[in-house]
Structures are given as C-alpha cells and as structure tokens.
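One structure is given below, encoded as structure tokens.
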Amino acid sequence: MIFAAPGARSKLVVPSPVDKGKELTISVAAFQTLAEQLRAMRGLDLLGYKDRYARRRLSVRLRARKCASLEDYLELLEREPEEWDRLVAALSINVSNFYRNPETFETIRTRLLPEIIQWRQQHGQPRLKLWSAGCADGDEAYSLAILLREHFPGPLATMAVSILGTDIDEDSLARARAGSYPESRLQDLPPGLREKHFSPRGEEWVVRRRVAALVRFQRQDLLRDPALEDLDLVVCRNVLIYLSREEQEGILDRFSISLRPGGYLVLGKTEILIGRLRRALVPVIPRERIYQKPGIAEAPSRQEVDG
Ligand SMILES: C[S@@+](CC[C@H](N)C(=O)[O-])C[C@H]1O[C@@H](n2cnc3c(N)ncnc32)[C@H](O)[C@@H]1O
C-alpha cells in the first residue's frame, strides 16, 4: 500500500518534476480520498501503482493545474469533471508504436509463431489465441496481426485467429478501435508495410480492414480482472514497470494461468520475472524477456487427433 502505510507521516512532500525548485504537498488523507474516488469512478487502483510513480504522475497534474496541494486538486476535480480524463491519462502513460523493439517482433516471427502454429496443428486445434495486455492505442496488437498477414498466410486461412488487445484506459481503447495513427508511430515498421497495411487519411495512416479484422479490443484491468484461458502468447510490455512488486506477482500469476502449456509470455525490455513466478514461467530467450509455461504435452498421434 502506498502513502497510507502505518506510521506514515501526515504530509508527503513531492518534488515537482516541472518546476524543480518548488515542492508540492500531498497529504495522506487527501491521497486516500483521491484513491477511493478513482476506484469508484474509473475502476483504477491507485494503490496498486509504485509509490514513486504515482506521486510523480500526480504531481504532473497538480503542477499543470497550478494546484499547491492535493486538497486544491480534489476541489478542481469536483468543479471540472473532465479533469478526471487527464488524470487517468497521466497515470496510465500510453506511449507505444508499431513494431516497438523490432528485434522482439523478429523473434516472435521466427521462433515463437512457427512453434505455436505447429503445436496447435499437431494437437488438432486449428486456432491461435494471442493477447496484447496493456495495449495502449493498439499498436502492439495490430503489429501482431501484420506479422501474421505478412508471414503466415497459410495458417491464417485454416485457423481461427484471435488477437485480443486490452487496456484499462477507455480513451486508449477508442483510439485503438479507430486504428488511425500519425506517421511517427509507424517508423519502426519494415519497409513497404506502411503502404501495404495502412491507408493514408489526412495527416494520419489508418489500419486496413484485412489487419483490423484479426484484432478485438476490450477493457480489462490487469490488477483486478480474472485470468483468460488457453492462450498461446501473452505480450505484456512496459506495463509492469509502473506497478508494485505485489501487484506484478498477481498479474504474472494470472498470465501463467491464462497460458496453455507451452504458451509464451513476452515482457518489456526492462522488465523481469519476479518472485515465485520464476518457477511457473521459464526463461527461454532471456535477452528478449521471453518466458514459457512448462508442461508442454507430447503431441498426440494422428489417430488420437482424428479419432
Ligand atoms: C506504456 S504503455 C505500453 C503499451 C505497449 N504494451 C507497448 O509496450 O508499446 C502502458 C499501458 O498500460 C496500461 N495500463 C496501466 N495499468 C493498467 C492496468 N492496471 N490494467 C490494464 N492496463 C493498464 C496503460 O493504460 C497504458 O496504455
């Protein structure tokens, strides 16, 4: 729990990241009020975030709105309910881009997807289930769809493919569903793919229907919502870094339940598997932060599959 730990001082002084000389005051009581309101109104659990991270993000909004204390900011939220949107956006930084860390996508293409597809085929299960967890504006989920369209046309024609993008932030999800991006977001795409999979509209590029049709977006809070099931691949990058160790463990637990035996988890480049989860998910390509759920069963014989 942050801010309200037993014996916590009644005032916490937060250096402002914007105006370095000044400090902002955040009282424990006001912080708890804000946390309760955020949970009730937006389903966002402020107490699950790292102490330093939450303070830093909050102080950005206080400074931006020229509030000297959190009490002032609470009053402002009451007067201007649209500020809630900005606060949620500030807490759930949603920076992303297509093929972010291209070498990770290359590994997914060359090593994970061929094996995943083969496993499903050998088990007589013509389906692929991929999840971009904390997908922000959808770049990562659509990147997986582009990979499949580009390199796996055969399996796409014969297998039921589901790519799910989830995020806690409804605004991000609305942008993801719209699928329209400024050019800067497409800079890591391999040459030729922009024109092939996007159509220009004004200043932006819109994901073409052939790619969009593979992806579905829905709201999901990784801190609270139940595990999914039977997944081949969970990509959850640059989300855990903002969360406390305890919350990270809970999420990783649910990922391990969500994956089928032999399924893969991909974390962000600066993230690592922590605690007891090290046994539940085995590092298979540590450089790329790729882990696998053990217990991969032998492929059944053709007769069993058919029979
Ligand atoms: C920096 S973005 C990462 C986007 C993408 N995965 C990438 O690496 O490019 C972090 C995303 O995590 C989302 N997020 C933060 N807390 C979350 C939670 N509790 N449940 C689901 N998503 C969350 C944020 O809304 C934000 O869109």
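The way I read the labels, and the way they are meant: chains A, B, ... in the order of the structure tokens, residue 1 as the first residue of every chain, and ligand 1 as the first ligand shown, with later ones counted on from there.
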
Spatial neighbours of His197 in chain A, 10 Å, only C-alpha atoms, chain gap at least 3 places, as JSON, numbers by chain: {"A": [142, 146, 149, 150, 192, 193, 194, 205, 206, 207, 208, 209, 210, 211, 212]}

Selection as a ChimeraX atom specification: residues within 8 Å of ligand 1 by only C-alpha atoms and all ligand atoms: /A:44-45,48,89,91-98,100,132-140,166-169,172,219-224,235-240,242-243,268

Taking N, CA and C atoms for each residue, export the selection above as a short mmCIF file (atom, residue, chain, number, x, y, z; two decimals), in the first residue's frame.
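Once everything was written out, this is part_10.cif:
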data_model
loop_
_atom_site.label_atom_id
_atom_site.label_comp_id
_atom_site.auth_asym_id
_atom_site.auth_seq_id
_atom_site.Cartn_x
_atom_site.Cartn_y
_atom_site.Cartn_z
N LEU A 44 -9.89 2.49 -11.36
CA LEU A 44 -8.42 2.45 -11.40
C LEU A 44 -7.86 2.40 -9.98
N ASP A 45 -6.98 1.44 -9.75
CA ASP A 45 -6.48 1.22 -8.40
C ASP A 45 -5.15 1.93 -8.19
N GLY A 48 -2.28 0.35 -6.25
CA GLY A 48 -1.51 -0.75 -6.85
C GLY A 48 -0.26 -0.26 -7.56
N ALA A 89 -5.29 9.61 -17.88
CA ALA A 89 -4.28 9.54 -18.96
C ALA A 89 -2.87 9.69 -18.39
N LEU A 91 -1.87 8.92 -15.41
CA LEU A 91 -1.47 7.74 -14.61
C LEU A 91 -1.19 6.53 -15.47
N SER A 92 -1.81 6.49 -16.64
CA SER A 92 -1.65 5.29 -17.47
C SER A 92 -0.93 5.67 -18.76
N ILE A 93 0.27 6.17 -18.60
CA ILE A 93 1.05 6.63 -19.77
C ILE A 93 0.87 5.64 -20.91
N ASN A 94 0.42 6.14 -22.06
CA ASN A 94 0.14 5.18 -23.11
C ASN A 94 0.99 5.38 -24.36
N VAL A 95 2.28 5.45 -24.13
CA VAL A 95 3.22 5.58 -25.23
C VAL A 95 3.39 4.21 -25.89
N SER A 96 3.36 4.17 -27.18
CA SER A 96 3.62 2.91 -27.88
C SER A 96 3.95 3.22 -29.33
N ASN A 97 4.35 2.23 -30.09
CA ASN A 97 4.46 2.40 -31.54
C ASN A 97 4.47 1.02 -32.20
N PHE A 98 4.28 1.01 -33.51
CA PHE A 98 4.25 -0.25 -34.23
C PHE A 98 5.63 -0.89 -34.23
N ARG A 100 7.40 -1.92 -31.91
CA ARG A 100 8.29 -1.35 -30.88
C ARG A 100 9.32 -2.42 -30.49
N SER A 132 -2.45 -8.98 -26.38
CA SER A 132 -1.62 -7.82 -26.08
C SER A 132 -2.23 -7.16 -24.84
N ALA A 133 -1.59 -7.36 -23.69
CA ALA A 133 -2.14 -6.89 -22.41
C ALA A 133 -1.52 -5.54 -22.05
N GLY A 134 -2.36 -4.52 -21.88
CA GLY A 134 -1.84 -3.15 -21.72
C GLY A 134 -1.44 -2.66 -23.09
N CYS A 135 -2.41 -2.67 -24.00
CA CYS A 135 -2.09 -2.47 -25.43
C CYS A 135 -2.04 -1.00 -25.82
N ALA A 136 -2.34 -0.09 -24.86
CA ALA A 136 -2.38 1.35 -25.16
C ALA A 136 -3.26 1.60 -26.39
N ASP A 137 -2.73 2.27 -27.40
CA ASP A 137 -3.58 2.64 -28.55
C ASP A 137 -3.68 1.55 -29.61
N GLY A 138 -3.21 0.36 -29.29
CA GLY A 138 -3.43 -0.78 -30.19
C GLY A 138 -2.25 -1.13 -31.08
N ASP A 139 -1.17 -0.34 -31.05
CA ASP A 139 -0.04 -0.57 -31.96
C ASP A 139 0.50 -2.00 -31.90
N GLU A 140 0.62 -2.51 -30.65
CA GLU A 140 1.22 -3.83 -30.46
C GLU A 140 0.30 -4.94 -30.99
N THR A 166 -6.07 -5.45 -24.81
CA THR A 166 -6.82 -4.93 -23.65
C THR A 166 -6.04 -3.81 -22.97
N ASP A 167 -6.79 -2.92 -22.37
CA ASP A 167 -6.17 -1.83 -21.61
C ASP A 167 -7.18 -1.35 -20.58
N ILE A 168 -6.68 -0.63 -19.60
CA ILE A 168 -7.57 -0.08 -18.57
C ILE A 168 -8.16 1.26 -19.01
N ASP A 169 -7.52 1.88 -19.99
CA ASP A 169 -7.85 3.25 -20.36
C ASP A 169 -8.78 3.27 -21.58
N SER A 172 -7.67 5.24 -24.68
CA SER A 172 -6.72 4.49 -25.50
C SER A 172 -7.45 3.47 -26.35
N ARG A 219 -11.87 -3.53 -22.62
CA ARG A 219 -11.29 -3.00 -21.39
C ARG A 219 -11.00 -4.15 -20.44
N GLN A 220 -9.86 -4.09 -19.81
CA GLN A 220 -9.51 -5.11 -18.83
C GLN A 220 -8.51 -4.52 -17.87
N ASP A 221 -8.81 -4.66 -16.58
CA ASP A 221 -7.87 -4.18 -15.56
C ASP A 221 -7.01 -5.34 -15.12
N LEU A 222 -5.74 -5.26 -15.41
CA LEU A 222 -4.83 -6.37 -15.08
C LEU A 222 -4.74 -6.59 -13.58
N LEU A 223 -5.06 -5.58 -12.79
CA LEU A 223 -4.95 -5.72 -11.34
C LEU A 223 -6.14 -6.47 -10.75
N ARG A 224 -7.26 -6.48 -11.48
CA ARG A 224 -8.46 -6.99 -10.85
C ARG A 224 -9.20 -8.07 -11.62
N VAL A 235 1.61 -10.92 -24.73
CA VAL A 235 2.62 -9.87 -24.85
C VAL A 235 2.20 -8.77 -23.88
N CYS A 236 3.01 -8.55 -22.86
CA CYS A 236 2.68 -7.50 -21.88
C CYS A 236 3.95 -6.72 -21.63
N ARG A 237 4.13 -5.66 -22.40
CA ARG A 237 5.40 -4.93 -22.34
C ARG A 237 5.17 -3.51 -21.79
N ASN A 238 6.08 -3.11 -20.95
CA ASN A 238 6.07 -1.73 -20.42
C ASN A 238 4.80 -1.39 -19.66
N VAL A 239 4.29 -2.36 -18.94
CA VAL A 239 3.13 -2.15 -18.08
C VAL A 239 3.54 -2.44 -16.62
N LEU A 240 4.22 -3.56 -16.43
CA LEU A 240 4.56 -3.98 -15.06
C LEU A 240 5.49 -2.99 -14.37
N TYR A 242 5.34 -0.02 -13.94
CA TYR A 242 4.67 1.02 -13.16
C TYR A 242 4.03 0.47 -11.88
N LEU A 243 4.03 -0.84 -11.74
CA LEU A 243 3.26 -1.45 -10.66
C LEU A 243 4.14 -1.95 -9.53
N GLY A 268 8.45 -6.47 -21.38
CA GLY A 268 9.22 -5.37 -21.95
C GLY A 268 10.71 -5.54 -21.66
#

12 Å contact set for Arg278 in chain A, only C-alpha atoms, chain neighbours under 2 positions out, as a PDB file with C-alpha atoms, in the first residue's frame:
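New file selection_25.pdb:
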ATOM      1  CA  GLU A 249       3.246 -11.025  -8.882  1.00  0.00           C
ATOM      2  CA  LEU A 252       2.166 -12.758 -13.582  1.00  0.00           C
ATOM      3  CA  ASP A 253       0.235 -15.437 -11.696  1.00  0.00           C
ATOM      4  CA  SER A 256       0.641 -18.211 -16.072  1.00  0.00           C
ATOM      5  CA  ILE A 272      11.923  -9.238 -15.390  1.00  0.00           C
ATOM      6  CA  LEU A 273      10.051 -12.090 -13.864  1.00  0.00           C
ATOM      7  CA  ILE A 274       9.959 -11.817 -10.098  1.00  0.00           C
ATOM      8  CA  GLY A 275       9.425 -14.000  -7.043  1.00  0.00           C
ATOM      9  CA  ARG A 276       7.814 -17.392  -7.116  1.00  0.00           C
ATOM     10  CA  ALA A 280       5.970 -21.155 -13.184  1.00  0.00           C
ATOM     11  CA  LEU A 281       7.397 -19.472 -16.269  1.00  0.00           C
ATOM     12  CA  VAL A 282      10.773 -20.491 -17.618  1.00  0.00           C
ATOM     13  CA  PRO A 283      13.061 -18.008 -19.389  1.00  0.00           C
ATOM     14  CA  VAL A 284      13.605 -19.319 -22.906  1.00  0.00           C
ATOM     15  CA  TYR A 291       9.256 -16.929 -20.970  1.00  0.00           C
ATOM     16  CA  GLN A 292       7.441 -20.194 -21.492  1.00  0.00           C
ATOM     17  CA  LYS A 293       4.909 -22.036 -19.403  1.00  0.00           C
ATOM     18  CA  PRO A 294       6.275 -25.545 -18.846  1.00  0.00           C
TER      19      PRO A 294
END

Of the listed residues A:Ser143, A:Ser199, A:Thr25, A:Gln218, that which approaches Glu170 in chain A most closely, counting only C-alpha atoms: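 Comparing A:Ser143, A:Ser199, A:Thr25, A:Gln218 against Glu170 in chain A, the winner is A:Gln218.
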
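Of the residues under consideration (A:Met41, A:Leu147, A:Ala141, A:Ala35), A:Met41 shows the shortest atom-to-atom contact distance to Asp85 in chain A when counting only C-alpha atoms.
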
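Straight-line separation from CA of Ser27 in chain A to CA of Arg39 in chain A: 18.3 Å.
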
Å distance separating CA of Ser180 in chain A from CA of Leu164 in chain A, one decimal place: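 About the pair CA of Ser180 in chain A and CA of Leu164 in chain A: they are 17.8 Å apart.
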
Among the residues A:Leu214, A:Leu267, A:Leu189, A:Leu130, the one that comes closest to Leu231 in chain A [using only C-alpha atoms]: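 Of A:Leu214, A:Leu267, A:Leu189, A:Leu130, the one nearest Leu231 in chain A, counting only C-alpha atoms, is A:Leu130.
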
Separation of CA of Val161 in chain A from CA of Arg127 in chain A in Å: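 Those two atoms sit 5.7 Å apart.
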
Backbone DSSP call of strand (DSSP E) for range 180-268 of chain A, listed as a PyMOL selection string: chain A and resi 180-182+198-201+204-207+215-219+231-236+259-267

Selection to disk with C-alpha atoms, as a compact mmCIF listing (two decimals), in the first residue's frame:
# COMPACT_ATOMS: atom_id res chain seq x y z
CA SER A 180 -5.62 5.86 -37.04
CA TYR A 181 -2.02 6.88 -36.32
CA PRO A 182 0.43 9.68 -37.05
CA PHE A 198 -2.44 1.30 -43.86
CA SER A 199 -4.30 3.80 -45.99
CA PRO A 200 -3.48 7.49 -45.74
CA ARG A 201 -6.19 9.78 -44.36
CA GLU A 204 -2.65 10.02 -40.46
CA TRP A 205 -2.48 6.38 -41.50
CA VAL A 206 -5.44 4.08 -40.93
CA VAL A 207 -5.07 0.32 -40.42
CA VAL A 215 -7.97 -7.81 -33.70
CA ARG A 216 -10.54 -7.15 -30.99
CA PHE A 217 -10.18 -4.62 -28.17
CA GLN A 218 -11.77 -4.67 -24.74
CA ARG A 219 -11.29 -3.00 -21.39
CA LEU A 231 -3.63 -18.55 -24.72
CA ASP A 232 -0.66 -19.23 -26.99
CA LEU A 233 1.06 -15.90 -26.44
CA VAL A 234 0.74 -13.05 -23.96
CA VAL A 235 2.62 -9.87 -24.85
CA CYS A 236 2.68 -7.50 -21.88
CA LEU A 259 -1.36 -19.58 -20.95
CA ARG A 260 -1.78 -23.11 -22.26
CA PRO A 261 1.14 -25.45 -21.51
CA GLY A 262 3.99 -24.40 -23.76
CA GLY A 263 2.50 -20.92 -24.26
CA TYR A 264 4.78 -17.87 -24.23
CA LEU A 265 4.94 -14.62 -22.27
CA VAL A 266 6.82 -11.60 -23.65
CA LEU A 267 7.67 -8.78 -21.25

Alpha helix (DSSP H) residues, from DSSP on the backbone, in range 83-304 of chain A, as a PyMOL selection string: chain A and resi 83-91+102-107+113-122+139-151+153-158+170-178+193-197+209-212+245-258+277-280+302-304
